[in-house]
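*Asks:* Before I ask anything, here is the structure I am working with.
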Amino acid sequence: MDSKRSLVEPEPNPTKSPAKKLLKYVVSLGLLWYILHRWLFQLAFNSATHDLYPWALDAFAPKERGPSNTQLAENFFLTIPNSASAIVASRRYATSPHLAGSQEDLRTAKDFLDTLKHEFSIPKSIEYPIFPAGSEASRNATLSITNLTQPTAWIDVYYPVLNTPLNRSLEILGDDGTAVWRANLEEVADELDSDAHAYAKSVGAWHGLSCDGEAEGRLIYANYGRKRDYDQLVQKGVDFTGAIVIVRYGGIFRGLKIKGAQELGAAGVLIYSDPRDDGMVTEKNGYAAYPHGPARNPTSVQRGSVQFLSIYPGDPTTPGYPSYENSTRTNGSSIPSIPSLPISWANAQILLEEIEGQNRTVKLTNHVDTKVTPIWNPIGVIPGHIKDEVVLVGNHRDAWVLGAADPTSGTVAVHELIRGLGALLKEDWKPLRTIVIASWDAEEYGLIGSTEWGEDFAEWIQKYVVAYVNLDTAVSGSTFGASGSPLLSHFIRKTAEDLPHPTDPKRTLWDATGDRGKLFGEYDDIDSLGTEVETQAADSVGIRPLGSGSDYTVFLQRLGVASIDSGGFHSTRCDPVYHYHSVFDSERFQEIYADPGFVKHVSVAKNLGLQTLRLSSALVLPFNTTHYAFELANYLDRVEGLAAASLATVNFAPLRAAIRSLQFASLNLDAEKFAAERVLRGQLRKLRKHQRKHKGKDGCLKRFTRRLKGLFTEEGNDVAASTLKSANGNPRLRLGRAPDFGNDHEVDVENRSWPRFPLPRRPKNPHRLPQKFIKALEAVRKINQKLASFERGFIHEDGIKDREWYRHLGVAPGKWLGYGATTLPALTEAITIEKNVTLANYEVIRLTERVEMIASVLRA
């Protein structure tokens, strides 16, 4: 049986070597890993990267044209602002009245919008994009800012309660009740200043938001109407009940002069401009009155709002919420309940003589038309690479009459800023952060346009706006000055030191802080010198803290956005007299006396531009938390001195310890941000080197992708057709690595029949963001979040006692100052005004909690 079986057995398979099997598995797995990593993982990684940082490649890629470097962008910008353009802009706005809510005001709003659209190359529409506040269009316009990819602009309309003058009079009454003297309340201008002459009576001399009514009483002179002026008179036994109080401008906000008189039972208030406060440039010293010389025109009148600014700004009938057309309104607790009038020195002289003589009864009549009035805020946006960080720039546009200095000199600087940014945009420049530019309305009535917008979009502002740059009056005299949050003190000074003096190339713009006018004479009013001390408490860098009186108020002191008042040239006691809020604040005064040649306007515009560019382009926000932390210690030193002087026993130890802890946390953050920025810059150099290496391949792929995309979209038909036509006409043309096109290819555009293109070879990952770069970028982003949160940390929802609208526990307008700042306001006023030790200790606890919270955020 076995013999029948085949003797040939099949040979067994040779056993494979274990080493060869292992090698085979390793190679197979390696190839699989390579493919997955190369195509799948990498695609997912890049997708995730773009979800987190979709802007990074565009922001840091080397540009083929245009000023990609920050320094190049600054240098390019500085070539744009010029005197000729500035003068044209000034004449455009300052040669006719534009009171808030008037038709001329609407015209200037449209003019500003047209400037934004023209300079930013925004397509014009048939109708102006004017959106009522609260409407879907208005809400979407602001809330979509962080999603925009192209510049845009629009106008928001708010509806506050304003007033305008009707009939007003001021009389001295005889014993029989008839008038023995009647004041001419309007200004008198001759034709030498043609604009002032033409519009001297177009906007009556009255107080914005003043009380409608009449009052009769004897006169009481109360100097500046400061709290201490009233207190001194009360201590002397003066009874204000039913009296007409006459005070001079200066020292504190005008509305608080009326508030002080009202609380003492006065029936009315008159406020006049005193030549003693003009310094050396007076008729008494031989200077001719304007328009024939630099001294005060004796008929000039300072208009202005008499809202109680230190209680709350904005529409008095909608405190804390925006004034929509259908908003629920209150009676308003921030406006006077007694009538008032602004008067000239010519009229004041007669009344002051009356006090020294018979002191007969004076009758004051102030009838006004009070109603809901539309106002217009034009807003323009330049989207940045980082869309969730916004730099906001603002200047108000409305004026009491002509307003060549206030606010048009500031508007001119913003106009030049817009021109400069527009020129950069035309060179393919794009800011790192989004820039928003606003022209606020009704600032003169009480910061209304900015406040209503701030209240309307409070949550959005606190989430996205990293800094606010304000500019009010840019030029009214010789000395340069700026103010701001201590976070930005060094930043403010540095930009001014980097620019030349407007008239002396050997000096800097910052050196102009020591400039004075060149008109001299005798001067001996010590009391008027003292009024400056109340409003000029500069820090060690030379920057004053922000009180109120301009549009930064809502952003800093209610929402906690680090803010600056950019800086401008202000009048000194040796300058031609600046007729504040008068018809004589005219274009002629500006061109002849304030700034011949408009060189100061240009300097301010350049300074504003550098600040805007640096805030919007810095990798790390230029905020100095350590300076702020040490300034807090200085603030506390002053408060301890006040407590010691009043013999109040307050436990400052917890607050002192918290401030010291904040100082150490900030010093550590300084080291952290220095290292993080250094690492990021190093990674940027590597990334750009890599991008330049793959620039050709990258450009090839982008061109191919762009053209391919056009073939399969409706809007791409024309582009595709022209592309193929070009290709057919040039057989050497290649799309990426696509083959030549010949005439044998039939193209049916209507039926969308296209030649088939082979995909180009994938380049070696020129779009890949290295993990080290992402890590460095995340570190800087985290630091910027800490820096932006620093100012917000002082915001307390309960606000400051008796004026809860103000929520910043680090700084606020002084309760009896208005313009001037009070640091650590709730604590300071508990000691100086309330004289309440229990309240002071409570305020120490509140401040300590805020400071500790800020320190913990810095350490996180």
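The way I read the labels, and the way they are meant: chains A, B, ... in the order of the structure tokens, residue 1 as the first residue of every chain, and ligand 1 as the first ligand shown, with later ones counted on from there.
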When you look at Leu669 of chain A with a cut-off of 10 Å (counting only C-alpha atoms), what residues show up, excluding the ones that are within fewer than 6 positions of it in the same chain? I need them as a PyMOL selection string.
*Replies:* chain A and resi 625-626+663+675+783+786-787+858-860
*Asks:* Between atom CA of Val412 of chain A and atom CA of Thr70 of chain A, what distance in Å does the model show, to one decimal?
*Replies:*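 Between atom CA of Val412 of chain A and atom CA of Thr70 of chain A the gap works out to 24.4 Å.
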*Asks:* Could you check the closest approach to Ser571 of chain A for each of A:Pro132, A:Pro291, A:Gly279, A:Pro622 and tell me which residue wins, using only C-alpha atoms?
*Replies:*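 Nearest to Ser571 of chain A: A:Gly279.
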*Asks:* Hey, can you check how far atom CA of Ile87 of chain A sits from atom CA of Val436 of chain A?
*Replies:*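 Those two atoms sit 24.5 Å apart.
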*Asks:* Could you list, as a PDB file with N, CA and C atoms, in the first residue's frame, every residue within 10 Å of Thr164 of chain A, counting only C-alpha atoms and ignoring same-chain residues fewer than 2 positions away?
*Replies:*
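Listed below is the output, out04.pdb:
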ATOM      1  N   LEU A  99     -25.057 122.667  16.548  1.00  0.00           N
ATOM      2  CA  LEU A  99     -25.540 122.268  17.860  1.00  0.00           C
ATOM      3  C   LEU A  99     -26.128 120.860  17.785  1.00  0.00           C
ATOM      4  N   ALA A 100     -25.910 120.067  18.807  1.00  0.00           N
ATOM      5  CA  ALA A 100     -26.431 118.702  18.833  1.00  0.00           C
ATOM      6  C   ALA A 100     -27.935 118.698  18.587  1.00  0.00           C
ATOM      7  N   GLY A 101     -28.381 117.788  17.730  1.00  0.00           N
ATOM      8  CA  GLY A 101     -29.795 117.652  17.435  1.00  0.00           C
ATOM      9  C   GLY A 101     -30.306 118.544  16.331  1.00  0.00           C
ATOM     10  N   LEU A 162     -33.128 116.806  25.351  1.00  0.00           N
ATOM     11  CA  LEU A 162     -32.282 117.995  25.286  1.00  0.00           C
ATOM     12  C   LEU A 162     -33.163 119.232  25.398  1.00  0.00           C
ATOM     13  N   LEU A 166     -35.463 129.507  24.566  1.00  0.00           N
ATOM     14  CA  LEU A 166     -36.602 130.284  24.074  1.00  0.00           C
ATOM     15  C   LEU A 166     -36.373 131.728  24.484  1.00  0.00           C
ATOM     16  N   VAL A 203     -27.346 130.920  18.029  1.00  0.00           N
ATOM     17  CA  VAL A 203     -27.531 129.992  19.166  1.00  0.00           C
ATOM     18  C   VAL A 203     -27.478 130.836  20.424  1.00  0.00           C
ATOM     19  N   GLY A 204     -28.595 130.998  21.066  1.00  0.00           N
ATOM     20  CA  GLY A 204     -28.660 131.880  22.231  1.00  0.00           C
ATOM     21  C   GLY A 204     -27.717 131.475  23.342  1.00  0.00           C
ATOM     22  N   ALA A 205     -27.377 132.438  24.181  1.00  0.00           N
ATOM     23  CA  ALA A 205     -26.508 132.186  25.328  1.00  0.00           C
ATOM     24  C   ALA A 205     -27.355 131.628  26.474  1.00  0.00           C
ATOM     25  N   TRP A 206     -27.244 130.330  26.717  1.00  0.00           N
ATOM     26  CA  TRP A 206     -28.037 129.676  27.755  1.00  0.00           C
ATOM     27  C   TRP A 206     -27.288 128.444  28.242  1.00  0.00           C
ATOM     28  N   HIS A 207     -27.804 127.791  29.245  1.00  0.00           N
ATOM     29  CA  HIS A 207     -27.189 126.580  29.787  1.00  0.00           C
ATOM     30  C   HIS A 207     -27.937 125.341  29.303  1.00  0.00           C
ATOM     31  N   GLY A 208     -27.216 124.403  28.711  1.00  0.00           N
ATOM     32  CA  GLY A 208     -27.825 123.156  28.299  1.00  0.00           C
ATOM     33  C   GLY A 208     -28.346 122.375  29.494  1.00  0.00           C
ATOM     34  N   LEU A 209     -29.540 121.810  29.368  1.00  0.00           N
ATOM     35  CA  LEU A 209     -30.222 121.041  30.422  1.00  0.00           C
ATOM     36  C   LEU A 209     -30.538 121.882  31.646  1.00  0.00           C
ATOM     37  N   SER A 210     -30.601 123.205  31.473  1.00  0.00           N
ATOM     38  CA  SER A 210     -30.962 124.079  32.594  1.00  0.00           C
ATOM     39  C   SER A 210     -32.457 123.993  32.875  1.00  0.00           C
ATOM     40  N   HIS A 367     -36.510 130.501  29.933  1.00  0.00           N
ATOM     41  CA  HIS A 367     -37.490 129.588  29.359  1.00  0.00           C
ATOM     42  C   HIS A 367     -36.839 128.803  28.218  1.00  0.00           C
ATOM     43  N   VAL A 368     -36.984 127.499  28.301  1.00  0.00           N
ATOM     44  CA  VAL A 368     -36.335 126.613  27.336  1.00  0.00           C
ATOM     45  C   VAL A 368     -37.339 125.613  26.783  1.00  0.00           C
ATOM     46  N   ASP A 369     -37.019 125.095  25.622  1.00  0.00           N
ATOM     47  CA  ASP A 369     -37.842 124.069  24.967  1.00  0.00           C
ATOM     48  C   ASP A 369     -37.176 122.722  25.226  1.00  0.00           C
ATOM     49  N   THR A 370     -37.775 121.916  26.085  1.00  0.00           N
ATOM     50  CA  THR A 370     -37.207 120.627  26.482  1.00  0.00           C
ATOM     51  C   THR A 370     -37.997 119.504  25.819  1.00  0.00           C
ATOM     52  N   LYS A 371     -37.290 118.637  25.083  1.00  0.00           N
ATOM     53  CA  LYS A 371     -38.001 117.566  24.373  1.00  0.00           C
ATOM     54  C   LYS A 371     -37.021 116.461  23.968  1.00  0.00           C
TER      55      LYS A 371
END
*Asks:* One decimal, in Å: what's the spacing between atom CA of Ala458 of chain A and atom CA of Ala618 of chain A?
*Replies:*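 These two atoms are separated by 24.9 Å.
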*Asks:* Give the strand (DSSP E or B) residues of segment 377-509 of chain A, as assigned by DSSP on the backbone, as an MDAnalysis selection string.
*Replies:* chainID A and resid 377:382 386:396 433:440 465:470 475 479:484 500 508
*Asks:* May I ask which of the residues A:Lys21, A:Arg226, A:His501, A:Lys110 is the closest one to Tyr249 of chain A, counting only C-alpha atoms?
*Replies:*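 The shortest atom-to-atom distance to Tyr249 of chain A comes from A:Arg226.
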*Asks:* Pull the alpha helix (DSSP H) assignments for segment 223-324 of chain A out of DSSP run on the backbone, and list those residues as a VMD selection string.
*Replies:* chain A and resid 227 to 235 254 to 263
*Asks:* I want to know what sits within 7 Å of segment 833-841 of chain A, based on only C-alpha atoms, with residues of the same chain fewer than 4 positions away left out; could you give that as a list in words?
*Replies:*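 The residues satisfying every condition are Ala648, Thr649, Val650, Asn651, Leu827, Glu829 and Ile845 of chain A.
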*Asks:* Next, write the just-selected residues to a file, as an mmCIF file, in the first residue's frame, keeping N, CA and C atoms as the atom set.
*Replies:*
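Listing of selection.cif after writing:
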data_model
loop_
_atom_site.group_PDB
_atom_site.id
_atom_site.type_symbol
_atom_site.label_atom_id
_atom_site.label_comp_id
_atom_site.auth_asym_id
_atom_site.auth_seq_id
_atom_site.Cartn_x
_atom_site.Cartn_y
_atom_site.Cartn_z
ATOM 1 N N ALA A 648 -9.518 110.636 61.932
ATOM 2 C CA ALA A 648 -10.328 109.428 61.741
ATOM 3 C C ALA A 648 -9.440 108.193 61.898
ATOM 4 N N THR A 649 -9.924 107.209 62.652
ATOM 5 C CA THR A 649 -9.179 105.975 62.872
ATOM 6 C C THR A 649 -9.699 104.909 61.912
ATOM 7 N N VAL A 650 -8.947 104.720 60.823
ATOM 8 C CA VAL A 650 -9.336 103.763 59.791
ATOM 9 C C VAL A 650 -8.233 102.723 59.661
ATOM 10 N N ASN A 651 -8.626 101.447 59.556
ATOM 11 C CA ASN A 651 -7.663 100.359 59.428
ATOM 12 C C ASN A 651 -7.300 100.157 57.961
ATOM 13 N N LEU A 827 -13.520 105.652 49.062
ATOM 14 C CA LEU A 827 -12.805 105.717 50.338
ATOM 15 C C LEU A 827 -12.479 107.157 50.706
ATOM 16 N N GLU A 829 -13.984 109.949 49.805
ATOM 17 C CA GLU A 829 -15.168 110.733 50.160
ATOM 18 C C GLU A 829 -15.809 110.274 51.467
ATOM 19 N N ILE A 845 -12.493 97.567 52.903
ATOM 20 C CA ILE A 845 -12.769 96.151 52.611
ATOM 21 C C ILE A 845 -13.115 95.960 51.141
#
*Asks:* For segment 679-684 of chain A, work out the shell of residues within 8 Å, counting only C-alpha atoms and skipping chain neighbours fewer than 6 positions away, then give it as a CSV table (one decimal) with N, CA and C atoms, in the first residue's frame.
*Replies:*
chain,number,residue,atom,x,y,z
A,60,PHE,N,0.9,87.4,10.1
A,60,PHE,CA,2.4,87.3,10.2
A,60,PHE,C,3.1,86.9,9.0
A,772,LYS,N,5.2,75.0,18.4
A,772,LYS,CA,5.9,76.0,19.3
A,772,LYS,C,5.4,77.4,19.1
A,773,PHE,N,5.1,77.7,17.8
A,773,PHE,CA,4.5,79.0,17.5
A,773,PHE,C,3.2,79.2,18.2
A,776,ALA,N,3.5,79.7,21.9
A,776,ALA,CA,4.0,81.1,22.1
A,776,ALA,C,2.9,82.1,22.0
A,777,LEU,N,2.1,81.9,20.9
A,777,LEU,CA,1.0,82.8,20.6
A,777,LEU,C,-0.1,82.7,21.7
A,780,VAL,N,1.1,84.7,24.8
A,780,VAL,CA,0.9,86.1,24.7
A,780,VAL,C,-0.6,86.5,24.8
